[in-house]
Amino acid sequence: MQKRWVLKERGNPEKVAGLSAELGIGPVLAELLVQRGINTFEEAKQFFRPSLEDLHDPFLMKDMDKAVDRVLAALEKNEKILVYGDYDVDGTTAVSLVYTFLRELGHAQLDYYIPDRYSEGYGVSFKGVDFAHENDFALVIALDCGIKAIEKVKKANEYGVDFIICDHHRPDEKLPDAVAVLDAKRPDCNYPFKELSGCGVGFKLIQALSSRKNLPFENLHKYLDLVVVSIASDIVPITGENRILAYYGLRLVNQNPRPGFESILKYSNIIRKTEDVPAITAPNGNEDPPCVFNRELTISDMVFLVGPRINAAGRIESGRNSVRLLVSEIPDEAEEIAKQINDFNTTRRDLDATTTDMALDAIKTNPRLMKACSTVVYHPEWHKGVIGIVASRLIEAYYRPTIVLTQSNGLVTGSARSIKDFDIYDAIDECSELLEHFGGHKYAAGLSLKPENLEAFIEKFETVVKRGLTEDMLSPEVEIDLKINLNEIGPRFYKVLKQFAPFGPGNMSPVFRTDGVIDNGYGRIVGKNHLKLTIGHHEIASAPFPAIAFQQGEHFNHINQGKPFNICYHIEENEWNNQKSIQLNIKDIKLPGEEV
């Protein structure tokens, strides 16, 4: 699939020059900072050295005082508290965080509840409300869900069960009649940062509770590993507060992992070093903590190694298993649960592959779908636990807004995924009269509808998508930060570039473009159509760099003839036989004359 290369606008030259001089860094690095809205020495200091002291006061969030008062009253009266959260990574990490915090306060009248993906679906369910009532819970703390649970909270109120909602999804005009509704996206909430994960909102709740109880803030550091996994897996922007939380959360995962994370990482060959590494229990922004694993873990590892395994429990069996893993303090117990969850992940991968093949066949054999601006595919027997993943796979093949649907509990239910710059939540909202339920974000959503409305929904959704798309939006885009020469890359350059991490939405790993490069003649195809190259300039003196280009073997014949070509790439560190070197990770290749 042809990709468009789009070069970002250059920053203000005066700001770039000034920042370069103040920080003692080259203009390329200064340009990257200015592109990210960092224009002064002080802003650069906050970016490179995030501080937990810069976290916002949790009481700035609307209803936080009400939430804290109700939780403290429950603790004082020894009332039963149910911590409720969705079965995905964000929900289970949020439940684990709040549950563990309340348990460590010594509150014994405590349990957690994760809804069943198949019988209950996303969010607060009537079954969950009934469970709280039948088991005499006085208070339910709902995390990563609840912002649309108007009827469920109404039912809870009739039972005399109080609700506190901690959510980060977009609310409707009407909010549930809960004791407190914590959601920075509420129109009447003036909280300075709007992009917390669900677990992040849970963290703000325990931060507020700690403040009210005069507990040391340092006691909360141990929960930041849960927060970073939620931030990474829920794909929220890693800017503002999320950058601070992710920065320290990653450090904690690397230097003092909880048993659940360490156990689950073993199944990705991330293992503890054989030599003793002293653990640092409190984050310190002025020194790098030692990594206890065989390599340092990044946000990408949270996304691709940790997140899918935590998710697999809820996809295949029950998200309660993920919470059991994350709250466990006993290594042997965590090891046993991690093995079970890894088995679930293996099953999930098999289902994912089978369902993806079926969905691709459904598109190829349907002329209407082949010509459409959107993809909506349905099969009543597809496994509900993998349809979101399959939707993402279909976008890789057919780059357009996509919904994958199956049948569950008499309804057609599905997951939606989108492409850059297209708000799929708004598109689904325009079809809401045909739906029973929907919710989500700009790029990912869930929905359910009656079977008799399916054809009408497909037709209307296609109309809405077609109206909202431009031709450019249907071509995958590679956004390039800067065009540079290879001789601008060196060890000091990379040392500073590494400190731009953690990378993610809002602060992506920089993509560079270099034109007129050649391979040294020893390039080869490795694995499944990948290129292993050694890259240098065709006409400019520069040191050669090893490079990897995944799934781009079709360019080998041109490259192998020693002809020049253009590349866009990330700069990364490769380790082999305990030796580290700079490597180019090539995202795309264009031959001379190809439109960029």
# chains A, B, ... in the order shown; residues from 1 in each chain; ligands from 1

$ residues_around --residues "Ser415 (chain A)" --least-positions-apart "3" --cutoff "7 Å" --atoms "only C-alpha atoms" --output "PyMOL selection string"
chain A and resi 387-388+403-405+445-447

$ write_last_selection --atoms "N, CA and C atoms" --output "short mmCIF file (atom, residue, chain, number, x, y, z; two decimals), in the first residue's frame"
data_model
loop_
_atom_site.label_atom_id
_atom_site.label_comp_id
_atom_site.auth_asym_id
_atom_site.auth_seq_id
_atom_site.Cartn_x
_atom_site.Cartn_y
_atom_site.Cartn_z
N ILE A 387 -12.66 -9.24 18.01
CA ILE A 387 -13.14 -8.44 16.88
C ILE A 387 -12.48 -7.06 16.82
N GLY A 388 -12.09 -6.50 17.96
CA GLY A 388 -11.37 -5.21 17.94
C GLY A 388 -10.01 -5.35 17.29
N ILE A 403 -15.56 -1.46 11.03
CA ILE A 403 -16.32 -2.05 12.13
C ILE A 403 -16.44 -3.55 11.89
N VAL A 404 -16.12 -4.34 12.90
CA VAL A 404 -16.27 -5.79 12.84
C VAL A 404 -17.35 -6.19 13.84
N LEU A 405 -18.34 -6.94 13.36
CA LEU A 405 -19.52 -7.26 14.16
C LEU A 405 -19.70 -8.76 14.32
N ALA A 445 -14.15 2.52 19.15
CA ALA A 445 -15.47 2.57 19.78
C ALA A 445 -16.07 1.17 19.79
N GLY A 446 -17.09 1.01 20.62
CA GLY A 446 -17.87 -0.21 20.65
C GLY A 446 -19.33 0.12 20.44
N LEU A 447 -20.10 -0.84 19.95
CA LEU A 447 -21.51 -0.58 19.66
C LEU A 447 -22.30 -1.87 19.67
#

$ closest_residue --among "A:Gln2, A:Asn39, A:Ala313, A:Lys442" --to "Ala21 (chain A)" --atoms "only C-alpha atoms"
A:Asn39

$ atom_distance --atom1 "CA of Tyr443 (chain A)" --atom2 "CA of Gly385 (chain A)"
18.5 Å

$ residues_around --residues "Thr92 (chain A)" --least-positions-apart "2" --cutoff "9 Å" --atoms "only C-alpha atoms" --output "count of residues only"
23

$ residues_around --residues "Val28 (chain A)" --least-positions-apart "3" --cutoff "9 Å" --atoms "only C-alpha atoms" --output "ChimeraX atom specification"
/A:16,20,25,31-33,482,484,488

$ residues_around --residues "region 528-539 of chain A" --least-positions-apart "5" --cutoff "8 Å" --atoms "only C-alpha atoms" --output "PDB file with all heavy atoms, in the first residue's frame"
ATOM      1  N   LEU A 486      22.751  11.702   7.046  1.00  0.00           N
ATOM      2  CA  LEU A 486      23.198  10.686   7.990  1.00  0.00           C
ATOM      3  C   LEU A 486      24.368  11.160   8.845  1.00  0.00           C
ATOM      4  O   LEU A 486      24.544  10.704   9.982  1.00  0.00           O
ATOM      5  CB  LEU A 486      23.582   9.399   7.246  1.00  0.00           C
ATOM      6  CG  LEU A 486      22.450   8.691   6.491  1.00  0.00           C
ATOM      7  CD1 LEU A 486      22.982   7.427   5.825  1.00  0.00           C
ATOM      8  CD2 LEU A 486      21.285   8.361   7.408  1.00  0.00           C
ATOM      9  N   GLY A 516      18.713   9.856  -1.255  1.00  0.00           N
ATOM     10  CA  GLY A 516      19.955   9.507  -1.946  1.00  0.00           C
ATOM     11  C   GLY A 516      20.879   8.620  -1.149  1.00  0.00           C
ATOM     12  O   GLY A 516      22.083   8.867  -1.077  1.00  0.00           O
ATOM     13  N   VAL A 517      20.323   7.556  -0.525  1.00  0.00           N
ATOM     14  CA  VAL A 517      21.166   6.621   0.213  1.00  0.00           C
ATOM     15  C   VAL A 517      21.362   5.359  -0.626  1.00  0.00           C
ATOM     16  O   VAL A 517      20.588   5.067  -1.539  1.00  0.00           O
ATOM     17  CB  VAL A 517      20.556   6.254   1.576  1.00  0.00           C
ATOM     18  CG1 VAL A 517      20.386   7.489   2.440  1.00  0.00           C
ATOM     19  CG2 VAL A 517      19.227   5.526   1.437  1.00  0.00           C
ATOM     20  N   ILE A 518      22.410   4.612  -0.303  1.00  0.00           N
ATOM     21  CA  ILE A 518      22.663   3.337  -0.976  1.00  0.00           C
ATOM     22  C   ILE A 518      23.052   2.300   0.072  1.00  0.00           C
ATOM     23  O   ILE A 518      23.486   2.628   1.182  1.00  0.00           O
ATOM     24  CB  ILE A 518      23.791   3.441  -2.030  1.00  0.00           C
ATOM     25  CG1 ILE A 518      25.084   3.972  -1.374  1.00  0.00           C
ATOM     26  CG2 ILE A 518      23.365   4.311  -3.198  1.00  0.00           C
ATOM     27  CD1 ILE A 518      26.290   3.900  -2.298  1.00  0.00           C
ATOM     28  N   ASP A 519      22.889   1.041  -0.284  1.00  0.00           N
ATOM     29  CA  ASP A 519      23.332  -0.062   0.567  1.00  0.00           C
ATOM     30  C   ASP A 519      24.784  -0.381   0.217  1.00  0.00           C
ATOM     31  O   ASP A 519      25.249  -0.120  -0.906  1.00  0.00           O
ATOM     32  CB  ASP A 519      22.442  -1.281   0.330  1.00  0.00           C
ATOM     33  CG  ASP A 519      22.871  -2.472   1.163  1.00  0.00           C
ATOM     34  OD1 ASP A 519      22.895  -2.333   2.404  1.00  0.00           O
ATOM     35  OD2 ASP A 519      23.173  -3.537   0.582  1.00  0.00           O
ATOM     36  N   ASN A 520      25.515  -0.964   1.160  1.00  0.00           N
ATOM     37  CA  ASN A 520      26.932  -1.254   0.922  1.00  0.00           C
ATOM     38  C   ASN A 520      27.149  -2.481   0.035  1.00  0.00           C
ATOM     39  O   ASN A 520      28.294  -2.872  -0.223  1.00  0.00           O
ATOM     40  CB  ASN A 520      27.671  -1.438   2.258  1.00  0.00           C
ATOM     41  CG  ASN A 520      27.259  -2.699   2.994  1.00  0.00           C
ATOM     42  OD1 ASN A 520      26.269  -3.354   2.635  1.00  0.00           O
ATOM     43  ND2 ASN A 520      27.976  -3.032   4.053  1.00  0.00           N
ATOM     44  N   TYR A 522      25.892  -5.571   0.666  1.00  0.00           N
ATOM     45  CA  TYR A 522      25.722  -6.838   1.390  1.00  0.00           C
ATOM     46  C   TYR A 522      24.318  -6.975   1.972  1.00  0.00           C
ATOM     47  O   TYR A 522      24.073  -7.801   2.850  1.00  0.00           O
ATOM     48  CB  TYR A 522      26.766  -6.965   2.500  1.00  0.00           C
ATOM     49  CG  TYR A 522      28.172  -7.077   1.966  1.00  0.00           C
ATOM     50  CD1 TYR A 522      28.989  -5.950   1.858  1.00  0.00           C
ATOM     51  CD2 TYR A 522      28.679  -8.309   1.557  1.00  0.00           C
ATOM     52  CE1 TYR A 522      30.274  -6.039   1.355  1.00  0.00           C
ATOM     53  CE2 TYR A 522      29.969  -8.417   1.050  1.00  0.00           C
ATOM     54  CZ  TYR A 522      30.756  -7.278   0.951  1.00  0.00           C
ATOM     55  OH  TYR A 522      32.038  -7.383   0.445  1.00  0.00           O
ATOM     56  N   GLY A 523      23.393  -6.157   1.481  1.00  0.00           N
ATOM     57  CA  GLY A 523      22.018  -6.242   1.948  1.00  0.00           C
ATOM     58  C   GLY A 523      21.402  -7.585   1.601  1.00  0.00           C
ATOM     59  O   GLY A 523      21.792  -8.244   0.629  1.00  0.00           O
ATOM     60  N   PRO A 544      28.550   4.559   7.670  1.00  0.00           N
ATOM     61  CA  PRO A 544      27.399   3.703   7.364  1.00  0.00           C
ATOM     62  C   PRO A 544      26.655   3.301   8.639  1.00  0.00           C
ATOM     63  O   PRO A 544      27.246   3.218   9.723  1.00  0.00           O
ATOM     64  CB  PRO A 544      28.040   2.484   6.701  1.00  0.00           C
ATOM     65  CG  PRO A 544      29.427   2.435   7.268  1.00  0.00           C
ATOM     66  CD  PRO A 544      29.838   3.853   7.518  1.00  0.00           C
ATOM     67  N   PHE A 545      25.356   3.077   8.502  1.00  0.00           N
ATOM     68  CA  PHE A 545      24.529   2.650   9.629  1.00  0.00           C
ATOM     69  C   PHE A 545      23.812   1.359   9.275  1.00  0.00           C
ATOM     70  O   PHE A 545      23.244   1.228   8.181  1.00  0.00           O
ATOM     71  CB  PHE A 545      23.476   3.710   9.966  1.00  0.00           C
ATOM     72  CG  PHE A 545      24.025   4.926  10.645  1.00  0.00           C
ATOM     73  CD1 PHE A 545      24.314   6.068   9.918  1.00  0.00           C
ATOM     74  CD2 PHE A 545      24.261   4.924  12.012  1.00  0.00           C
ATOM     75  CE1 PHE A 545      24.824   7.197  10.542  1.00  0.00           C
ATOM     76  CE2 PHE A 545      24.765   6.048  12.640  1.00  0.00           C
ATOM     77  CZ  PHE A 545      25.049   7.185  11.912  1.00  0.00           C
ATOM     78  N   PRO A 546      23.799   0.394  10.194  1.00  0.00           N
ATOM     79  CA  PRO A 546      22.963  -0.785   9.969  1.00  0.00           C
ATOM     80  C   PRO A 546      21.493  -0.366   9.978  1.00  0.00           C
ATOM     81  O   PRO A 546      21.106   0.584  10.672  1.00  0.00           O
ATOM     82  CB  PRO A 546      23.293  -1.696  11.158  1.00  0.00           C
ATOM     83  CG  PRO A 546      23.856  -0.789  12.208  1.00  0.00           C
ATOM     84  CD  PRO A 546      24.518   0.337  11.485  1.00  0.00           C
ATOM     85  N   ALA A 547      20.687  -1.068   9.193  1.00  0.00           N
ATOM     86  CA  ALA A 547      19.273  -0.706   9.089  1.00  0.00           C
ATOM     87  C   ALA A 547      18.431  -1.956   8.907  1.00  0.00           C
ATOM     88  O   ALA A 547      18.878  -2.954   8.340  1.00  0.00           O
ATOM     89  CB  ALA A 547      19.059   0.254   7.917  1.00  0.00           C
ATOM     90  N   ILE A 548      17.197  -1.876   9.408  1.00  0.00           N
ATOM     91  CA  ILE A 548      16.215  -2.936   9.214  1.00  0.00           C
ATOM     92  C   ILE A 548      14.966  -2.306   8.606  1.00  0.00           C
ATOM     93  O   ILE A 548      14.558  -1.216   9.004  1.00  0.00           O
ATOM     94  CB  ILE A 548      15.898  -3.662  10.543  1.00  0.00           C
ATOM     95  CG1 ILE A 548      14.943  -4.842  10.325  1.00  0.00           C
ATOM     96  CG2 ILE A 548      15.332  -2.706  11.571  1.00  0.00           C
ATOM     97  CD1 ILE A 548      15.581  -6.041   9.710  1.00  0.00           C
ATOM     98  N   ALA A 549      14.391  -2.967   7.601  1.00  0.00           N
ATOM     99  CA  ALA A 549      13.175  -2.474   6.954  1.00  0.00           C
ATOM    100  C   ALA A 549      12.181  -3.629   6.900  1.00  0.00           C
ATOM    101  O   ALA A 549      12.307  -4.532   6.071  1.00  0.00           O
ATOM    102  CB  ALA A 549      13.476  -1.954   5.551  1.00  0.00           C
ATOM    103  N   PHE A 550      11.210  -3.598   7.818  1.00  0.00           N
ATOM    104  CA  PHE A 550      10.261  -4.700   7.907  1.00  0.00           C
ATOM    105  C   PHE A 550       9.261  -4.668   6.753  1.00  0.00           C
ATOM    106  O   PHE A 550       8.757  -3.626   6.370  1.00  0.00           O
ATOM    107  CB  PHE A 550       9.516  -4.653   9.250  1.00  0.00           C
ATOM    108  CG  PHE A 550      10.405  -4.895  10.439  1.00  0.00           C
ATOM    109  CD1 PHE A 550      10.802  -3.853  11.254  1.00  0.00           C
ATOM    110  CD2 PHE A 550      10.861  -6.183  10.717  1.00  0.00           C
ATOM    111  CE1 PHE A 550      11.621  -4.079  12.342  1.00  0.00           C
ATOM    112  CE2 PHE A 550      11.685  -6.414  11.802  1.00  0.00           C
ATOM    113  CZ  PHE A 550      12.077  -5.361  12.620  1.00  0.00           C
ATOM    114  N   GLN A 551       9.004  -5.862   6.184  1.00  0.00           N
ATOM    115  CA  GLN A 551       7.990  -6.054   5.145  1.00  0.00           C
ATOM    116  C   GLN A 551       8.235  -5.186   3.901  1.00  0.00           C
ATOM    117  O   GLN A 551       7.305  -4.693   3.270  1.00  0.00           O
ATOM    118  CB  GLN A 551       6.586  -5.742   5.710  1.00  0.00           C
ATOM    119  CG  GLN A 551       6.137  -6.664   6.826  1.00  0.00           C
ATOM    120  CD  GLN A 551       5.935  -8.116   6.360  1.00  0.00           C
ATOM    121  OE1 GLN A 551       5.450  -8.358   5.258  1.00  0.00           O
ATOM    122  NE2 GLN A 551       6.314  -9.064   7.185  1.00  0.00           N
ATOM    123  N   GLN A 552       9.494  -4.993   3.548  1.00  0.00           N
ATOM    124  CA  GLN A 552       9.794  -4.156   2.387  1.00  0.00           C
ATOM    125  C   GLN A 552      10.749  -4.838   1.403  1.00  0.00           C
ATOM    126  O   GLN A 552      11.509  -4.189   0.686  1.00  0.00           O
ATOM    127  CB  GLN A 552      10.360  -2.807   2.861  1.00  0.00           C
ATOM    128  CG  GLN A 552       9.321  -2.007   3.654  1.00  0.00           C
ATOM    129  CD  GLN A 552       9.823  -0.652   4.070  1.00  0.00           C
ATOM    130  OE1 GLN A 552      10.155   0.177   3.233  1.00  0.00           O
ATOM    131  NE2 GLN A 552       9.888  -0.428   5.380  1.00  0.00           N
ATOM    132  N   GLY A 553      10.669  -6.161   1.383  1.00  0.00           N
ATOM    133  CA  GLY A 553      11.548  -6.930   0.505  1.00  0.00           C
ATOM    134  C   GLY A 553      11.331  -6.670  -0.976  1.00  0.00           C
ATOM    135  O   GLY A 553      12.211  -6.978  -1.793  1.00  0.00           O
ATOM    136  N   GLU A 554      10.183  -6.071  -1.342  1.00  0.00           N
ATOM    137  CA  GLU A 554       9.925  -5.818  -2.768  1.00  0.00           C
ATOM    138  C   GLU A 554      10.912  -4.821  -3.370  1.00  0.00           C
ATOM    139  O   GLU A 554      11.034  -4.720  -4.598  1.00  0.00           O
ATOM    140  CB  GLU A 554       8.486  -5.309  -2.965  1.00  0.00           C
ATOM    141  CG  GLU A 554       8.204  -3.916  -2.435  1.00  0.00           C
ATOM    142  CD  GLU A 554       7.784  -3.916  -0.974  1.00  0.00           C
ATOM    143  OE1 GLU A 554       7.958  -4.950  -0.296  1.00  0.00           O
ATOM    144  OE2 GLU A 554       7.270  -2.883  -0.520  1.00  0.00           O
ATOM    145  N   PHE A 556      14.149  -4.960  -2.879  1.00  0.00           N
ATOM    146  CA  PHE A 556      15.498  -5.519  -2.816  1.00  0.00           C
ATOM    147  C   PHE A 556      16.231  -5.459  -4.150  1.00  0.00           C
ATOM    148  O   PHE A 556      17.424  -5.138  -4.200  1.00  0.00           O
ATOM    149  CB  PHE A 556      15.449  -6.969  -2.308  1.00  0.00           C
ATOM    150  CG  PHE A 556      16.799  -7.605  -2.208  1.00  0.00           C
ATOM    151  CD1 PHE A 556      17.700  -7.207  -1.228  1.00  0.00           C
ATOM    152  CD2 PHE A 556      17.189  -8.592  -3.105  1.00  0.00           C
ATOM    153  CE1 PHE A 556      18.953  -7.782  -1.129  1.00  0.00           C
ATOM    154  CE2 PHE A 556      18.446  -9.176  -3.021  1.00  0.00           C
ATOM    155  CZ  PHE A 556      19.325  -8.766  -2.023  1.00  0.00           C
ATOM    156  N   PRO A 564      20.573   4.464  -5.818  1.00  0.00           N
ATOM    157  CA  PRO A 564      20.140   5.268  -4.672  1.00  0.00           C
ATOM    158  C   PRO A 564      18.629   5.196  -4.472  1.00  0.00           C
ATOM    159  O   PRO A 564      17.865   4.942  -5.408  1.00  0.00           O
ATOM    160  CB  PRO A 564      20.580   6.689  -5.037  1.00  0.00           C
ATOM    161  CG  PRO A 564      20.670   6.694  -6.514  1.00  0.00           C
ATOM    162  CD  PRO A 564      21.065   5.302  -6.926  1.00  0.00           C
TER     163      PRO A 564
END

$ atom_distance --atom1 "CA of Phe131 (chain A)" --atom2 "CA of Leu75 (chain A)"
20.4 Å

$ decode --residues "region 466-491 of chain A" --atoms "N, CA and C atoms" --output "PDB file, in the first residue's frame"
ATOM      1  N   LYS A 466     -18.493   8.383   3.970  1.00  0.00           N
ATOM      2  CA  LYS A 466     -18.205   8.917   2.635  1.00  0.00           C
ATOM      3  C   LYS A 466     -18.244  10.440   2.637  1.00  0.00           C
ATOM      4  N   ARG A 467     -19.201  11.005   3.368  1.00  0.00           N
ATOM      5  CA  ARG A 467     -19.329  12.453   3.445  1.00  0.00           C
ATOM      6  C   ARG A 467     -18.162  13.088   4.211  1.00  0.00           C
ATOM      7  N   GLY A 468     -17.610  12.374   5.159  1.00  0.00           N
ATOM      8  CA  GLY A 468     -16.585  12.959   6.025  1.00  0.00           C
ATOM      9  C   GLY A 468     -15.154  12.725   5.586  1.00  0.00           C
ATOM     10  N   LEU A 469     -14.953  11.855   4.600  1.00  0.00           N
ATOM     11  CA  LEU A 469     -13.591  11.529   4.179  1.00  0.00           C
ATOM     12  C   LEU A 469     -13.131  12.412   3.022  1.00  0.00           C
ATOM     13  N   THR A 470     -11.850  12.690   2.996  1.00  0.00           N
ATOM     14  CA  THR A 470     -11.223  13.284   1.822  1.00  0.00           C
ATOM     15  C   THR A 470     -10.351  12.214   1.162  1.00  0.00           C
ATOM     16  N   GLU A 471      -9.954  12.449  -0.067  1.00  0.00           N
ATOM     17  CA  GLU A 471      -9.146  11.466  -0.783  1.00  0.00           C
ATOM     18  C   GLU A 471      -7.821  11.203  -0.078  1.00  0.00           C
ATOM     19  N   ASP A 472      -7.198  12.263   0.438  1.00  0.00           N
ATOM     20  CA  ASP A 472      -5.920  12.100   1.131  1.00  0.00           C
ATOM     21  C   ASP A 472      -6.046  11.218   2.363  1.00  0.00           C
ATOM     22  N   MET A 473      -7.186  11.299   3.049  1.00  0.00           N
ATOM     23  CA  MET A 473      -7.369  10.535   4.283  1.00  0.00           C
ATOM     24  C   MET A 473      -7.356   9.036   4.039  1.00  0.00           C
ATOM     25  N   LEU A 474      -7.616   8.612   2.800  1.00  0.00           N
ATOM     26  CA  LEU A 474      -7.664   7.184   2.492  1.00  0.00           C
ATOM     27  C   LEU A 474      -6.303   6.612   2.107  1.00  0.00           C
ATOM     28  N   SER A 475      -5.268   7.444   2.177  1.00  0.00           N
ATOM     29  CA  SER A 475      -3.900   6.965   1.947  1.00  0.00           C
ATOM     30  C   SER A 475      -3.143   7.045   3.269  1.00  0.00           C
ATOM     31  N   PRO A 476      -2.554   5.949   3.711  1.00  0.00           N
ATOM     32  CA  PRO A 476      -1.782   5.993   4.958  1.00  0.00           C
ATOM     33  C   PRO A 476      -0.698   7.058   4.875  1.00  0.00           C
ATOM     34  N   GLU A 477      -0.499   7.749   5.958  1.00  0.00           N
ATOM     35  CA  GLU A 477       0.435   8.872   5.983  1.00  0.00           C
ATOM     36  C   GLU A 477       1.615   8.562   6.893  1.00  0.00           C
ATOM     37  N   VAL A 478       2.786   8.883   6.438  1.00  0.00           N
ATOM     38  CA  VAL A 478       3.972   8.856   7.289  1.00  0.00           C
ATOM     39  C   VAL A 478       4.325  10.310   7.586  1.00  0.00           C
ATOM     40  N   GLU A 479       4.170  10.698   8.825  1.00  0.00           N
ATOM     41  CA  GLU A 479       4.480  12.074   9.209  1.00  0.00           C
ATOM     42  C   GLU A 479       5.956  12.160   9.575  1.00  0.00           C
ATOM     43  N   ILE A 480       6.676  13.000   8.859  1.00  0.00           N
ATOM     44  CA  ILE A 480       8.130  13.091   9.009  1.00  0.00           C
ATOM     45  C   ILE A 480       8.479  14.376   9.754  1.00  0.00           C
ATOM     46  N   ASP A 481       9.269  14.230  10.798  1.00  0.00           N
ATOM     47  CA  ASP A 481       9.654  15.399  11.595  1.00  0.00           C
ATOM     48  C   ASP A 481      10.637  16.287  10.854  1.00  0.00           C
ATOM     49  N   LEU A 482      11.719  15.674  10.352  1.00  0.00           N
ATOM     50  CA  LEU A 482      12.779  16.471   9.731  1.00  0.00           C
ATOM     51  C   LEU A 482      13.488  15.682   8.637  1.00  0.00           C
ATOM     52  N   LYS A 483      14.005  16.419   7.671  1.00  0.00           N
ATOM     53  CA  LYS A 483      14.859  15.848   6.642  1.00  0.00           C
ATOM     54  C   LYS A 483      16.303  16.131   7.051  1.00  0.00           C
ATOM     55  N   ILE A 484      17.118  15.083   7.174  1.00  0.00           N
ATOM     56  CA  ILE A 484      18.489  15.256   7.641  1.00  0.00           C
ATOM     57  C   ILE A 484      19.433  14.412   6.797  1.00  0.00           C
ATOM     58  N   ASN A 485      20.728  14.652   6.967  1.00  0.00           N
ATOM     59  CA  ASN A 485      21.765  13.806   6.400  1.00  0.00           C
ATOM     60  C   ASN A 485      22.252  12.835   7.465  1.00  0.00           C
ATOM     61  N   LEU A 486      22.751  11.702   7.046  1.00  0.00           N
ATOM     62  CA  LEU A 486      23.198  10.686   7.990  1.00  0.00           C
ATOM     63  C   LEU A 486      24.368  11.160   8.845  1.00  0.00           C
ATOM     64  N   ASN A 487      25.184  12.091   8.309  1.00  0.00           N
ATOM     65  CA  ASN A 487      26.341  12.538   9.095  1.00  0.00           C
ATOM     66  C   ASN A 487      25.946  13.440  10.260  1.00  0.00           C
ATOM     67  N   GLU A 488      24.649  13.740  10.399  1.00  0.00           N
ATOM     68  CA  GLU A 488      24.184  14.497  11.563  1.00  0.00           C
ATOM     69  C   GLU A 488      23.875  13.583  12.748  1.00  0.00           C
ATOM     70  N   ILE A 489      23.909  12.278  12.512  1.00  0.00           N
ATOM     71  CA  ILE A 489      23.598  11.297  13.558  1.00  0.00           C
ATOM     72  C   ILE A 489      24.895  10.814  14.195  1.00  0.00           C
ATOM     73  N   GLY A 490      24.933  10.790  15.501  1.00  0.00           N
ATOM     74  CA  GLY A 490      26.107  10.291  16.211  1.00  0.00           C
ATOM     75  C   GLY A 490      25.734   9.901  17.624  1.00  0.00           C
ATOM     76  N   PRO A 491      26.690   9.377  18.410  1.00  0.00           N
ATOM     77  CA  PRO A 491      26.401   8.921  19.775  1.00  0.00           C
ATOM     78  C   PRO A 491      25.804  10.006  20.670  1.00  0.00           C
TER      79      PRO A 491
END
